[in-house]
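data_31.csv, holding CSV, C-alpha atoms and all ligand atoms:
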chain,number,residue,atom,x,y,z
A,164,PRO,CA,0.0,0.0,0.0
A,165,LEU,CA,1.0,3.6,-0.5
A,166,THR,CA,2.2,5.5,2.5
A,167,ALA,CA,2.9,9.1,3.4
A,168,GLY,CA,5.8,9.8,5.8
A,169,ILE,CA,5.3,12.4,8.5
A,170,VAL,CA,8.4,14.6,8.9
A,171,GLY,CA,9.3,17.8,10.7
A,172,LEU,CA,11.7,19.2,13.3
A,173,PRO,CA,11.5,18.1,16.9
A,174,ASN,CA,8.7,19.5,19.1
A,175,VAL,CA,6.4,20.7,16.2
A,176,GLY,CA,3.6,18.2,17.0
A,177,LYS,CA,4.4,15.2,14.9
A,178,SER,CA,3.9,12.6,17.7
A,179,THR,CA,0.7,14.3,18.7
A,180,LEU,CA,-0.6,14.0,15.2
A,181,PHE,CA,0.7,10.5,14.8
A,182,ASN,CA,-1.1,9.5,18.0
A,183,ALA,CA,-4.3,10.8,16.6
A,184,ILE,CA,-3.7,8.7,13.5
A,185,THR,CA,-3.0,5.5,15.5
A,186,LYS,CA,-5.9,6.1,17.8
A,187,SER,CA,-8.3,6.4,14.8
A,188,GLN,CA,-6.6,3.4,13.2
A,189,VAL,CA,-8.9,1.0,11.4
A,190,GLU,CA,-10.1,-2.2,13.0
A,191,ALA,CA,-8.1,-5.1,11.9
A,192,ALA,CA,-11.2,-7.2,11.5
A,193,ASN,CA,-12.3,-5.2,8.5
A,194,TYR,CA,-8.9,-4.9,7.0
A,195,PRO,CA,-7.2,-8.2,7.4
A,196,PHE,CA,-4.5,-7.3,4.9
A,197,ALA,CA,-3.3,-4.2,6.8
A,198,THR,CA,0.1,-5.0,8.2
A,199,ILE,CA,0.3,-2.8,11.2
A,200,GLN,CA,3.7,-1.8,12.5
A,201,PRO,CA,4.4,0.5,15.4
A,202,ASN,CA,5.5,3.4,13.3
A,203,VAL,CA,2.7,2.9,10.7
A,204,GLY,CA,-0.9,4.1,11.1
A,205,VAL,CA,-3.7,2.9,8.8
A,206,VAL,CA,-6.7,5.2,8.6
A,207,GLU,CA,-9.9,5.2,6.7
A,208,VAL,CA,-10.3,7.6,3.8
A,209,PRO,CA,-13.5,9.6,4.6
A,210,ASP,CA,-15.8,9.7,1.5
A,211,ALA,CA,-19.3,11.2,1.6
A,212,ARG,CA,-20.1,9.3,-1.6
A,213,LEU,CA,-19.7,6.0,0.1
A,214,ASP,CA,-21.9,7.1,2.9
A,215,ARG,CA,-24.6,8.1,0.4
A,216,LEU,CA,-24.2,4.8,-1.5
A,217,SER,CA,-24.6,2.8,1.7
A,218,GLU,CA,-27.7,4.7,2.5
A,219,ILE,CA,-29.2,4.0,-1.0
A,220,CYS,CA,-28.3,0.3,-0.9
A,221,GLN,CA,-29.4,0.0,2.8
A,222,THR,CA,-26.2,-2.0,3.2
A,223,LYS,CA,-25.3,-4.0,6.2
A,224,LYS,CA,-21.7,-3.0,6.2
A,225,THR,CA,-19.7,0.0,4.9
A,226,ILE,CA,-16.0,-0.3,4.4
A,227,TYR,CA,-13.9,2.7,3.6
A,228,THR,CA,-10.7,2.5,1.7
A,229,THR,CA,-7.5,3.1,3.7
A,230,PHE,CA,-4.4,5.1,3.6
A,231,GLU,CA,-1.1,4.6,5.5
A,232,PHE,CA,1.0,7.1,7.4
A,233,THR,CA,4.5,6.4,8.6
A,234,ASP,CA,6.0,8.3,11.5
A,235,ILE,CA,9.5,9.5,10.6
A,236,ALA,CA,10.5,10.9,14.0
A,237,GLY,CA,13.8,12.7,14.6
A,238,LEU,CA,14.8,14.4,11.4
A,239,VAL,CA,17.2,17.0,12.5
A,240,LYS,CA,19.6,19.6,11.1
A,241,GLY,CA,22.6,17.8,9.8
A,242,ALA,CA,20.8,14.5,9.1
A,243,SER,CA,22.2,14.3,5.6
A,244,LYS,CA,25.7,14.5,7.1
A,245,GLY,CA,24.8,11.6,9.3
A,246,GLU,CA,24.0,13.6,12.4
A,247,GLY,CA,21.6,12.1,15.0
A,248,LEU,CA,20.3,8.9,13.4
A,249,GLY,CA,20.4,10.9,10.1
A,250,ASN,CA,20.9,8.3,7.5
A,251,GLN,CA,18.4,5.9,9.0
A,252,PHE,CA,15.7,8.6,9.0
A,253,LEU,CA,16.5,9.5,5.4
A,254,SER,CA,16.2,5.9,4.3
A,255,ASN,CA,12.9,5.6,6.1
A,256,ILE,CA,11.6,8.6,4.1
A,257,ARG,CA,12.9,6.9,0.9
A,258,LEU,CA,10.4,4.1,1.4
A,259,THR,CA,7.4,6.4,1.5
A,260,ASP,CA,5.4,7.7,-1.5
A,261,ALA,CA,4.6,11.2,-0.3
A,262,ILE,CA,5.8,13.5,2.4
A,263,CYS,CA,3.7,15.3,5.1
A,264,HIS,CA,5.8,18.0,6.5
A,265,VAL,CA,4.6,19.2,9.9
A,266,VAL,CA,5.4,22.8,10.7
A,267,ARG,CA,5.1,24.5,14.1
A,268,CYS,CA,2.7,27.5,13.9
A,269,PHE,CA,1.9,27.7,17.6
A,270,ASP,CA,3.5,29.8,20.3
A,271,ASP,CA,4.1,28.1,23.7
A,272,ALA,CA,6.9,29.3,26.0
A,273,ASP,CA,6.7,25.9,27.8
A,274,ILE,CA,7.6,24.0,24.7
A,275,THR,CA,11.1,24.6,23.6
A,276,HIS,CA,11.9,25.1,19.9
A,277,VAL,CA,15.1,23.5,18.8
A,278,GLU,CA,16.1,26.6,16.9
A,279,GLY,CA,15.2,29.0,19.8
A,280,ASN,CA,12.1,30.6,18.4
A,281,VAL,CA,9.1,29.9,16.3
A,282,ASP,CA,9.8,30.6,12.6
A,283,PRO,CA,8.0,28.2,10.3
A,284,ILE,CA,9.8,29.3,7.1
A,285,ARG,CA,13.2,28.8,8.6
A,286,ASP,CA,12.1,25.4,9.9
A,287,ILE,CA,10.8,24.4,6.5
A,288,GLU,CA,14.0,25.4,4.9
A,289,ILE,CA,16.1,23.4,7.4
A,290,ILE,CA,14.2,20.2,6.6
A,291,ASN,CA,14.0,20.8,2.9
A,292,LEU,CA,17.7,21.5,2.8
A,293,GLU,CA,18.4,18.1,4.5
A,294,LEU,CA,16.3,16.4,1.9
A,295,ILE,CA,18.0,18.3,-0.9
A,296,MET,CA,21.5,17.5,0.4
A,297,ALA,CA,20.6,13.8,0.7
A,298,ASP,CA,19.4,13.8,-2.9
A,299,LEU,CA,22.5,15.6,-4.0
A,300,GLN,CA,24.6,12.8,-2.6
A,301,THR,CA,22.5,10.2,-4.4
A,302,VAL,CA,22.8,12.1,-7.7
A,303,GLU,CA,26.5,12.7,-7.4
A,304,ASN,CA,27.2,9.0,-6.5
A,305,ARG,CA,25.3,7.9,-9.5
A,306,LEU,CA,26.9,10.4,-11.8
A,307,SER,CA,30.4,9.4,-10.8
A,308,LYS,CA,29.6,5.8,-11.9
A,309,ILE,CA,27.6,6.4,-15.0
A,310,GLU,CA,29.5,9.4,-16.4
A,311,ARG,CA,32.5,7.2,-17.2
A,312,LYS,CA,30.4,4.7,-18.9
A,313,ALA,CA,28.7,7.4,-21.0
A,314,MET,CA,32.1,8.9,-22.0
A,315,THR,CA,34.0,5.7,-22.8
A,316,ASN,CA,31.3,3.6,-24.5
A,317,LYS,CA,29.2,6.5,-25.9
A,318,ASP,CA,26.4,4.4,-24.5
A,319,LYS,CA,23.1,6.2,-25.5
A,320,GLU,CA,21.2,5.1,-22.4
A,321,ALA,CA,24.0,6.2,-20.1
A,322,MET,CA,24.2,9.5,-21.9
A,323,ALA,CA,20.5,10.1,-21.5
A,324,GLU,CA,20.8,9.3,-17.8
A,325,VAL,CA,23.7,11.7,-17.4
A,326,ALA,CA,21.8,14.5,-19.0
A,327,VAL,CA,18.9,14.2,-16.7
A,328,LEU,CA,21.0,13.7,-13.6
A,329,LYS,CA,22.9,16.9,-14.4
A,330,LYS,CA,19.6,18.8,-14.8
A,331,VAL,CA,18.5,17.6,-11.4
A,332,GLN,CA,21.9,18.2,-9.9
A,333,GLU,CA,21.8,21.8,-11.0
A,334,ALA,CA,18.5,22.4,-9.3
A,335,LEU,CA,19.6,20.7,-6.1
A,336,GLU,CA,22.8,22.8,-6.0
A,337,ALA,CA,20.6,25.9,-6.3
A,338,GLY,CA,18.6,24.7,-3.3
A,339,LYS,CA,15.6,23.6,-5.2
A,340,PRO,CA,13.8,20.2,-4.9
A,341,ALA,CA,14.0,17.7,-7.7
A,342,ARG,CA,10.2,18.0,-8.2
A,343,SER,CA,10.7,21.6,-9.3
A,344,VAL,CA,12.6,20.4,-12.4
A,345,ASP,CA,10.6,20.1,-15.6
A,346,LEU,CA,11.1,16.4,-16.6
A,347,ASP,CA,9.4,14.6,-19.5
A,348,LYS,CA,7.9,11.1,-19.1
A,349,ASP,CA,11.1,9.3,-20.0
A,350,GLU,CA,13.3,11.5,-17.8
A,351,LEU,CA,10.9,11.0,-14.9
A,352,PHE,CA,11.0,7.2,-15.4
A,353,LEU,CA,14.8,7.3,-15.2
A,354,MET,CA,14.8,9.4,-12.0
A,355,LYS,CA,12.2,7.2,-10.3
A,356,ALA,CA,14.8,4.5,-9.9
A,357,PHE,CA,16.7,6.6,-7.4
A,358,SER,CA,13.8,7.3,-5.0
A,359,LEU,CA,14.8,10.9,-4.6
A,360,LEU,CA,13.3,12.4,-1.5
A,361,THR,CA,12.6,15.8,-3.1
A,362,LEU,CA,10.9,14.2,-6.1
A,363,LYS,CA,8.1,12.8,-3.8
A,364,PRO,CA,5.0,14.9,-3.7
A,365,MET,CA,4.7,16.9,-0.5
A,366,ILE,CA,2.2,18.8,1.6
A,367,TYR,CA,2.8,21.1,4.6
A,368,ILE,CA,0.8,20.6,7.7
A,369,ALA,CA,0.5,23.8,9.8
A,370,ASN,CA,0.1,22.9,13.4
A,371,MET,CA,-1.6,25.7,15.3
A,372,SER,CA,-3.5,26.3,18.6
A,373,ASP,CA,-7.1,25.3,19.3
A,374,MET,CA,-7.9,29.1,19.5
A,375,GLU,CA,-6.9,29.7,15.9
A,376,ILE,CA,-7.9,26.6,14.1
A,377,ALA,CA,-11.5,27.7,13.4
A,378,ASP,CA,-10.0,30.7,11.5
A,379,PRO,CA,-6.5,29.7,10.3
A,380,ASN,CA,-6.0,33.0,8.5
A,381,SER,CA,-5.9,34.7,11.9
A,382,ASN,CA,-2.5,32.9,12.5
A,383,PRO,CA,0.3,35.0,11.0
A,384,TYR,CA,2.7,31.9,10.8
A,385,TYR,CA,0.1,30.1,8.8
A,386,LEU,CA,-0.2,32.9,6.3
A,387,LYS,CA,3.6,32.9,5.8
A,388,VAL,CA,3.6,29.1,5.2
A,389,LYS,CA,0.7,29.4,2.8
A,390,GLU,CA,2.5,32.1,0.8
A,391,PHE,CA,5.7,30.0,0.8
A,392,ALA,CA,3.9,26.8,-0.2
A,393,GLU,CA,1.9,28.5,-3.0
A,394,ALA,CA,5.1,29.7,-4.6
A,395,GLU,CA,6.3,26.1,-4.7
A,396,ASN,CA,2.9,24.8,-5.9
A,397,ASN,CA,2.4,22.9,-2.7
A,398,GLN,CA,-0.6,22.7,-0.4
A,399,VAL,CA,-0.9,23.6,3.3
A,400,VAL,CA,-3.4,21.9,5.6
A,401,PRO,CA,-4.1,23.7,8.9
A,402,VAL,CA,-4.5,21.4,11.8
A,403,CYS,CA,-4.5,21.5,15.6
A,404,ALA,CA,-2.7,18.3,16.5
A,405,LYS,CA,-4.0,18.5,20.1
A,406,ILE,CA,-7.6,18.7,19.0
A,407,GLU,CA,-7.0,15.8,16.6
A,408,GLU,CA,-5.7,13.7,19.4
A,409,GLU,CA,-8.9,14.4,21.4
A,410,LEU,CA,-11.1,13.8,18.4
A,411,SER,CA,-9.5,10.5,17.7
A,412,GLY,CA,-10.9,9.1,20.9
A,413,LEU,CA,-14.5,9.9,20.0
A,414,ASP,CA,-17.0,8.0,18.0
A,415,LYS,CA,-18.5,9.4,14.8
A,416,GLU,CA,-21.4,11.3,16.3
A,417,GLU,CA,-19.4,12.7,19.2
A,418,LYS,CA,-16.8,13.8,16.8
A,419,LEU,CA,-19.3,15.7,14.7
A,420,GLU,CA,-20.7,17.4,17.8
A,421,PHE,CA,-17.3,18.4,19.0
A,422,LEU,CA,-16.3,19.8,15.6
A,423,GLN,CA,-19.5,21.9,15.5
A,424,GLU,CA,-18.7,23.3,18.9
A,425,LEU,CA,-15.3,24.3,17.7
A,426,GLY,CA,-16.7,25.8,14.5
A,427,ILE,CA,-14.7,23.5,12.2
A,428,PRO,CA,-16.5,21.8,9.3
A,429,GLU,CA,-14.0,19.0,9.0
A,430,SER,CA,-11.3,17.5,11.1
A,431,GLY,CA,-7.7,18.4,10.2
A,432,LEU,CA,-6.7,14.8,10.0
A,433,ASP,CA,-9.5,14.1,7.5
A,434,LYS,CA,-8.2,17.0,5.4
A,435,VAL,CA,-4.7,15.7,5.6
A,436,ILE,CA,-5.8,12.2,4.5
A,437,LYS,CA,-7.7,13.7,1.5
A,438,ALA,CA,-4.8,15.9,0.5
A,439,ALA,CA,-2.3,13.1,0.7
A,440,TYR,CA,-4.7,10.9,-1.4
A,441,LYS,CA,-4.9,13.7,-4.0
A,442,ILE,CA,-1.2,14.4,-4.4
A,443,LEU,CA,-0.6,10.7,-5.1
A,444,ASP,CA,-3.2,10.8,-7.9
A,445,LEU,CA,-5.2,8.2,-6.2
A,446,CYS,CA,-8.8,7.5,-7.3
A,447,THR,CA,-11.7,5.5,-5.8
A,448,TYR,CA,-14.1,3.1,-7.2
A,449,PHE,CA,-17.0,1.4,-5.3
A,450,THR,CA,-18.6,-2.0,-5.0
A,451,ALA,CA,-22.2,-1.8,-3.8
A,452,GLY,CA,-24.7,-4.3,-2.5
A,453,VAL,CA,-26.9,-5.2,0.4
A,454,GLN,CA,-24.2,-7.2,2.1
A,455,GLU,CA,-21.5,-4.6,1.8
A,456,CYS,CA,-20.7,-1.2,0.2
A,457,ARG,CA,-17.0,-0.6,-0.2
A,458,ALA,CA,-14.5,1.9,-1.5
A,459,TRP,CA,-11.3,0.7,-3.3
A,460,THR,CA,-8.2,2.7,-4.1
A,461,PHE,CA,-6.7,2.6,-7.6
A,462,ARG,CA,-4.2,4.6,-9.6
A,463,LYS,CA,-5.4,6.9,-12.3
A,464,GLY,CA,-5.1,5.1,-15.7
A,465,MET,CA,-5.7,1.5,-14.4
A,466,LEU,CA,-7.9,-0.7,-16.6
A,467,ALA,CA,-10.9,-2.7,-15.4
A,468,PRO,CA,-9.1,-6.1,-15.0
A,469,GLN,CA,-6.3,-4.5,-12.9
A,470,CYS,CA,-8.9,-2.8,-10.8
A,471,ALA,CA,-10.7,-6.2,-10.3
A,472,GLY,CA,-7.3,-7.6,-9.2
A,473,ILE,CA,-7.2,-5.2,-6.3
A,474,ILE,CA,-10.1,-7.1,-4.8
A,475,HIS,CA,-8.7,-10.5,-5.6
A,476,THR,CA,-6.1,-11.8,-8.0
A,477,ASP,CA,-8.6,-14.4,-9.3
A,478,PHE,CA,-10.9,-11.5,-10.4
A,479,GLU,CA,-8.1,-10.2,-12.7
A,480,LYS,CA,-7.1,-13.6,-14.1
A,481,GLY,CA,-10.7,-14.7,-14.9
A,482,PHE,CA,-12.0,-11.2,-15.8
A,483,ILE,CA,-14.9,-11.2,-18.3
A,484,ARG,CA,-16.4,-7.8,-18.0
A,485,ALA,CA,-17.5,-5.1,-15.6
A,486,GLU,CA,-21.0,-3.8,-15.1
A,487,CYS,CA,-20.5,-0.2,-14.4
A,488,PHE,CA,-22.3,3.0,-13.6
A,489,LYS,CA,-21.4,6.4,-12.2
A,490,TYR,CA,-21.8,7.3,-8.6
A,491,THR,CA,-23.4,10.6,-9.7
A,492,ASP,CA,-26.1,8.7,-11.6
A,493,ILE,CA,-27.2,6.6,-8.6
A,494,ASP,CA,-27.0,9.6,-6.4
A,495,GLU,CA,-29.3,11.5,-8.7
A,496,LEU,CA,-31.7,8.6,-9.5
A,497,GLY,CA,-31.9,7.1,-6.1
A,498,SER,CA,-31.6,3.4,-6.8
A,499,GLU,CA,-29.7,0.8,-8.9
A,500,GLN,CA,-33.0,-0.2,-10.5
A,501,ALA,CA,-33.6,3.4,-11.6
A,502,VAL,CA,-30.0,3.6,-13.0
A,503,LYS,CA,-30.8,0.5,-15.1
A,504,GLU,CA,-34.1,1.7,-16.3
A,505,ASP,CA,-32.5,5.0,-17.3
A,506,GLY,CA,-30.0,3.1,-19.5
A,507,LYS,CA,-27.1,4.3,-17.4
A,508,LEU,CA,-25.7,0.8,-16.7
A,509,ARG,CA,-22.8,0.0,-19.0
A,510,LEU,CA,-20.9,-3.2,-19.8
A,511,GLU,CA,-17.2,-2.6,-20.0
A,512,GLY,CA,-14.5,-4.9,-21.3
A,513,LYS,CA,-10.8,-5.5,-20.7
A,514,ASP,CA,-9.7,-2.1,-22.1
A,515,TYR,CA,-11.9,0.1,-20.0
A,516,GLU,CA,-10.1,2.7,-18.1
A,517,VAL,CA,-11.8,2.9,-14.7
A,518,GLN,CA,-12.8,6.4,-13.6
A,519,ASP,CA,-12.9,7.9,-10.1
A,520,GLY,CA,-16.4,7.4,-8.7
A,521,ASP,CA,-17.3,4.4,-10.8
A,522,VAL,CA,-19.5,1.8,-9.2
A,523,LEU,CA,-18.4,-1.6,-10.5
A,524,HIS,CA,-19.6,-5.2,-10.5
A,525,PHE,CA,-17.1,-7.6,-11.9
A,526,ARG,CA,-18.0,-10.8,-13.9
A,527,PHE,CA,-15.3,-13.4,-13.9
A,528,ASN,CA,-14.5,-17.1,-14.6
A,529,VAL,CA,-13.3,-19.2,-11.7
B,601,LIG,P1,7.3,16.1,17.9
B,601,LIG,O1,8.6,16.2,18.6
B,601,LIG,O2,7.3,16.9,16.6
B,601,LIG,O3,6.7,14.8,17.8
B,601,LIG,O4,6.3,17.0,18.8
B,601,LIG,P2,5.2,16.4,19.9
B,601,LIG,O5,4.0,16.0,19.2
B,601,LIG,O6,5.9,15.5,20.9
B,601,LIG,O7,4.8,17.8,20.6
B,601,LIG,C1,5.8,18.5,21.4
B,601,LIG,C2,5.0,19.2,22.5
B,601,LIG,O8,4.2,20.3,21.9
B,601,LIG,C3,4.1,18.3,23.2
B,601,LIG,O9,4.2,18.7,24.6
B,601,LIG,C4,2.7,18.6,22.7
B,601,LIG,O10,1.7,18.4,23.6
B,601,LIG,C5,2.8,20.1,22.3
B,601,LIG,N1,1.9,20.5,21.2
B,601,LIG,C6,1.6,19.8,20.1
B,601,LIG,N2,0.7,20.5,19.3
B,601,LIG,C7,0.5,21.7,20.0
B,601,LIG,C8,-0.4,22.8,19.8
B,601,LIG,O11,-1.0,22.9,18.8
B,601,LIG,N3,-0.3,23.8,20.7
B,601,LIG,C9,0.4,23.7,21.9
B,601,LIG,N4,0.4,24.7,22.7
B,601,LIG,N5,1.2,22.6,22.1
B,601,LIG,C10,1.2,21.6,21.2

Hey, can you dump this file as structure tokens for me?
Ligand code: GDP
Amino acid sequence: PLTAGIVGLPNVGKSTLFNAITKSQVEAANYPFATIQPNVGVVEVPDARLDRLSEICQTKKTIYTTFEFTDIAGLVKGASKGEGLGNQFLSNIRLTDAICHVVRCFDDADITHVEGNVDPIRDIEIINLELIMADLQTVENRLSKIERKAMTNKDKEAMAEVAVLKKVQEALEAGKPARSVDLDKDELFLMKAFSLLTLKPMIYIANMSDMEIADPNSNPYYLKVKEFAEAENNQVVPVCAKIEEELSGLDKEEKLEFLQELGIPESGLDKVIKAAYKILDLCTYFTAGVQECRAWTFRKGMLAPQCAGIIHTDFEKGFIRAECFKYTDIDELGSEQAVKEDGKLRLEGKDYEVQDGDVLHFRFNV
């Protein structure tokens, strides 16, 4: 499964947020395949469409799709030079698919800041620089090996690789992340092999106090982070990690009540989950019935048999066709029967590219 790593300087609220994640962790009974390690939290992806679908189908069981977070505690200044447990943390980030970068946007004299005062932009730059330095090492190591091969053998592939590595090296040396480099499909494919940290999509999480979270724009630190992130084309999600920790102990209804009291339409954690899902280009299809309504995660561009394979490998091997309609159609028409009568039910074959929001029923040979 895809996973987003949570990074940030010490004392910014990472553990508090990660506690909220593990406390709202899914029940293993519904998700027998979720391998749950201490530094991994598996959470449900909230989806109002699935709630509505369950209501229409009067289903017995609703199962949300899931998303994984990995706690990467302890990234400090100097990590790329091996300081602290630097290299280990960096290699843990390497295994993730996206980065959630927690930034301290709260004042609290009782909680020391490792750099002496609260300054989110400086903090962001410290972490980003460590990631950039680590990537620079990776790129330079590779260049020193492949450049010789490109020169001596005039090997076309090696030459192409050198060209793209140099492009990325230039950006990194200028203090810019690899994701800021304009790469075409082939170049991106070449670079993917190195699991560069700054090539991974990233979101910022601005951790602020419970007094400000209802109106994040009242927090001047947040405004700075927002401006900074927008210039990089990145997103910022405001959260109050402390509130999230409290929310995670509540059931669904209590949670809604508490959020209303606070004047927040949606929990910060839910927003983080959705944002992480989005930057990874993940989509959702549904299976719907009286026994169970369920959401499944797939990658944009996947074909119907591959999507069937997410449920079970046998579904992919024996795939015949998919019966398919759009969530928006059943939402509008109110029942599967009405969808059929309206001619909105389609039969799709092996080459069908599944769309976000499709409701599917697979036919397969056993
Ligand atoms: P980490 O080192 O980044 O994992 O940070 P922690 O989650 O351990 O948080 C450090 C301290 O800051 C803890 O004492 C938290 O209770 C506190 N803290 C976290 N979020 C907030 C917040 O929004 N406001 C305030 N005042 N304290 C917070």

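Around ligand LIG 601 (chain B), the neighbouring residues within 8 Å, taking all atoms listed in the file, come to Gly171, Leu172, Pro173, Asn174, Val175, Gly176, Lys177, Ser178, Thr179, Leu180, Phe181, Ala236, Gly237, Val265, Arg267, Cys268, Phe269, Asp270, Asp271, Ile274, Asn370, Met371, Ser372, Asp373, Val402, Cys403, Ala404, Lys405 and Ile406 of chain A.
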
Between A:Tyr227, A:Phe232, A:Tyr385, A:Phe352, which is the closest to A:Val266 once you count all atoms listed in the file? A:Tyr385

I'd like a table as CSV: residues in stretch 227-342 of chain A with an atom no more than 7 Å from stretch 204-214 of chain A, each row giving the shortest atom pair and its distance in Å to one decimal, only C-alpha atoms counted, sorted by chain and rising residue number.
residue,atom,partner,partner_atom,distance
A:Tyr227,CA,A:Glu207,CA,5.6
A:Thr228,CA,A:Val208,CA,5.5
A:Thr229,CA,A:Glu207,CA,4.4
A:Phe230,CA,A:Val206,CA,5.5
A:Glu231,CA,A:Val205,CA,4.5
A:Phe232,CA,A:Gly204,CA,5.1
A:Thr233,CA,A:Gly204,CA,6.4

Would you list the contacts of stretch 473-476 of chain A as an NGL selection string, taking every protein, DNA or RNA residue within 12 Å and counting all atoms listed in the file, but skipping same-chain residues closer than 5 positions in sequence? :A and (164 or 196 or 228 or 447-450 or 457-462 or 465-468 or 481-482 or 523-525 or 527-529)

Go ahead and save the residues from that selection, with C-alpha atoms, as a compact mmCIF listing (two decimals), in the frame of the given file.
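Produced file selection.txt, reproduced below:
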# COMPACT_ATOMS: atom_id res chain seq x y z
CA PRO A 164 0.00 0.00 0.00
CA PHE A 196 -4.50 -7.30 4.90
CA THR A 228 -10.70 2.50 1.70
CA THR A 447 -11.70 5.50 -5.80
CA TYR A 448 -14.10 3.10 -7.20
CA PHE A 449 -17.00 1.40 -5.30
CA THR A 450 -18.60 -2.00 -5.00
CA ARG A 457 -17.00 -0.60 -0.20
CA ALA A 458 -14.50 1.90 -1.50
CA TRP A 459 -11.30 0.70 -3.30
CA THR A 460 -8.20 2.70 -4.10
CA PHE A 461 -6.70 2.60 -7.60
CA ARG A 462 -4.20 4.60 -9.60
CA MET A 465 -5.70 1.50 -14.40
CA LEU A 466 -7.90 -0.70 -16.60
CA ALA A 467 -10.90 -2.70 -15.40
CA PRO A 468 -9.10 -6.10 -15.00
CA GLY A 481 -10.70 -14.70 -14.90
CA PHE A 482 -12.00 -11.20 -15.80
CA LEU A 523 -18.40 -1.60 -10.50
CA HIS A 524 -19.60 -5.20 -10.50
CA PHE A 525 -17.10 -7.60 -11.90
CA PHE A 527 -15.30 -13.40 -13.90
CA ASN A 528 -14.50 -17.10 -14.60
CA VAL A 529 -13.30 -19.20 -11.70

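Every residue within 7 Å of the file position (14.3, 16.1, -5.8), judged by only C-alpha atoms, is given as A:Ile295, A:Asp298, A:Pro340, A:Ala341, A:Arg342, A:Leu359, A:Leu360, A:Thr361, A:Leu362.
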
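Nearest residue to A:Leu386 among A:Pro201, A:Asp521, A:Val453, A:Val400 is A:Val400, counting only C-alpha atoms.
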
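If you measure from each of A:Ile235, A:Val399, A:Ile219, A:Leu419 to A:Ile493 using all atoms listed in the file, the closest one turns out to be A:Ile219.
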
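Using only C-alpha atoms, the nearest neighbour of A:Leu443 within the list A:Ala323, A:Ile366, A:Ile226, A:Leu216 is A:Ile366.
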
In the coordinates of the file, take the point (6.9, 23.5, 5.1) and a cut-off of 9 Å; then, counting all atoms listed in the file, name each qualifying protein, DNA or RNA residue as a ChimeraX atom specification. /A:171,263-266,283-288,290-291,365-369,388-389,391-392,399

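Between atom CA of A:Gly520 and atom CA of A:Gln469 the interatomic distance comes to 16.2 Å.
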
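When atom CA of A:Val331 is paired with atom CA of A:Arg257, their separation reads 17.2 Å.
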
Could you please determine the separation between atom CA of A:Gly168 and atom CA of A:Pro401 in Å, to one decimal place? 17.3 Å

Among A:Thr315, A:Asn255, A:Ser243, A:Gln188, A:Ala167 is approached most closely, using only C-alpha atoms, by A:Asn255

Can you pull out every residue within 12 Å of A:Asn304, counting only C-alpha atoms, but drop anything in the same chain fewer than 5 positions away, and send it as number ranges by chain? A: 297-299, 309-310, 325, 328-329, 332, 357

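Among the candidates A:Glu333, A:Asn396, A:Cys220, A:Ala183, the residue lying nearest to A:Gly431 is A:Ala183 (atoms considered: all atoms listed in the file).
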
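Residues in contact with A:Leu410 at 9 Å, where all atoms listed in the file are counted and same-chain residues fewer than 2 positions away are skipped, are listed as A:Ala183, A:Ser187, A:Lys405, A:Ile406, A:Glu407, A:Glu408, A:Gly412, A:Leu413, A:Asp414, A:Glu417, A:Lys418, A:Phe421, A:Leu422, A:Ser430.
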
Reconstruct N, CA and C atoms of stretch 370-379 of chain A; output as a compact mmCIF listing (two decimals), keeping the file's coordinate frame.
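And here is the file that came out, out01.txt:
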# COMPACT_ATOMS: atom_id res chain seq x y z
N ASN A 370 0.65 23.24 12.11
CA ASN A 370 0.10 22.90 13.40
C ASN A 370 -0.10 24.15 14.27
N MET A 371 -1.38 24.48 14.54
CA MET A 371 -1.60 25.70 15.30
C MET A 371 -2.53 25.43 16.51
N SER A 372 -2.77 26.48 17.30
CA SER A 372 -3.50 26.30 18.60
C SER A 372 -4.99 26.10 18.34
N ASP A 373 -5.66 25.56 19.36
CA ASP A 373 -7.10 25.30 19.30
C ASP A 373 -7.87 26.66 19.17
N MET A 374 -7.24 27.77 19.60
CA MET A 374 -7.90 29.10 19.50
C MET A 374 -7.99 29.57 18.09
N GLU A 375 -7.05 29.12 17.29
CA GLU A 375 -6.90 29.70 15.90
C GLU A 375 -7.48 28.80 14.83
N ILE A 376 -7.65 27.52 15.16
CA ILE A 376 -7.90 26.60 14.10
C ILE A 376 -9.23 26.83 13.35
N ALA A 377 -10.21 27.44 14.03
CA ALA A 377 -11.50 27.70 13.40
C ALA A 377 -11.28 28.82 12.29
N ASP A 378 -10.26 29.63 12.47
CA ASP A 378 -10.00 30.70 11.50
C ASP A 378 -8.46 30.74 11.25
N PRO A 379 -7.93 29.78 10.49
CA PRO A 379 -6.50 29.70 10.30
C PRO A 379 -5.82 30.97 9.84
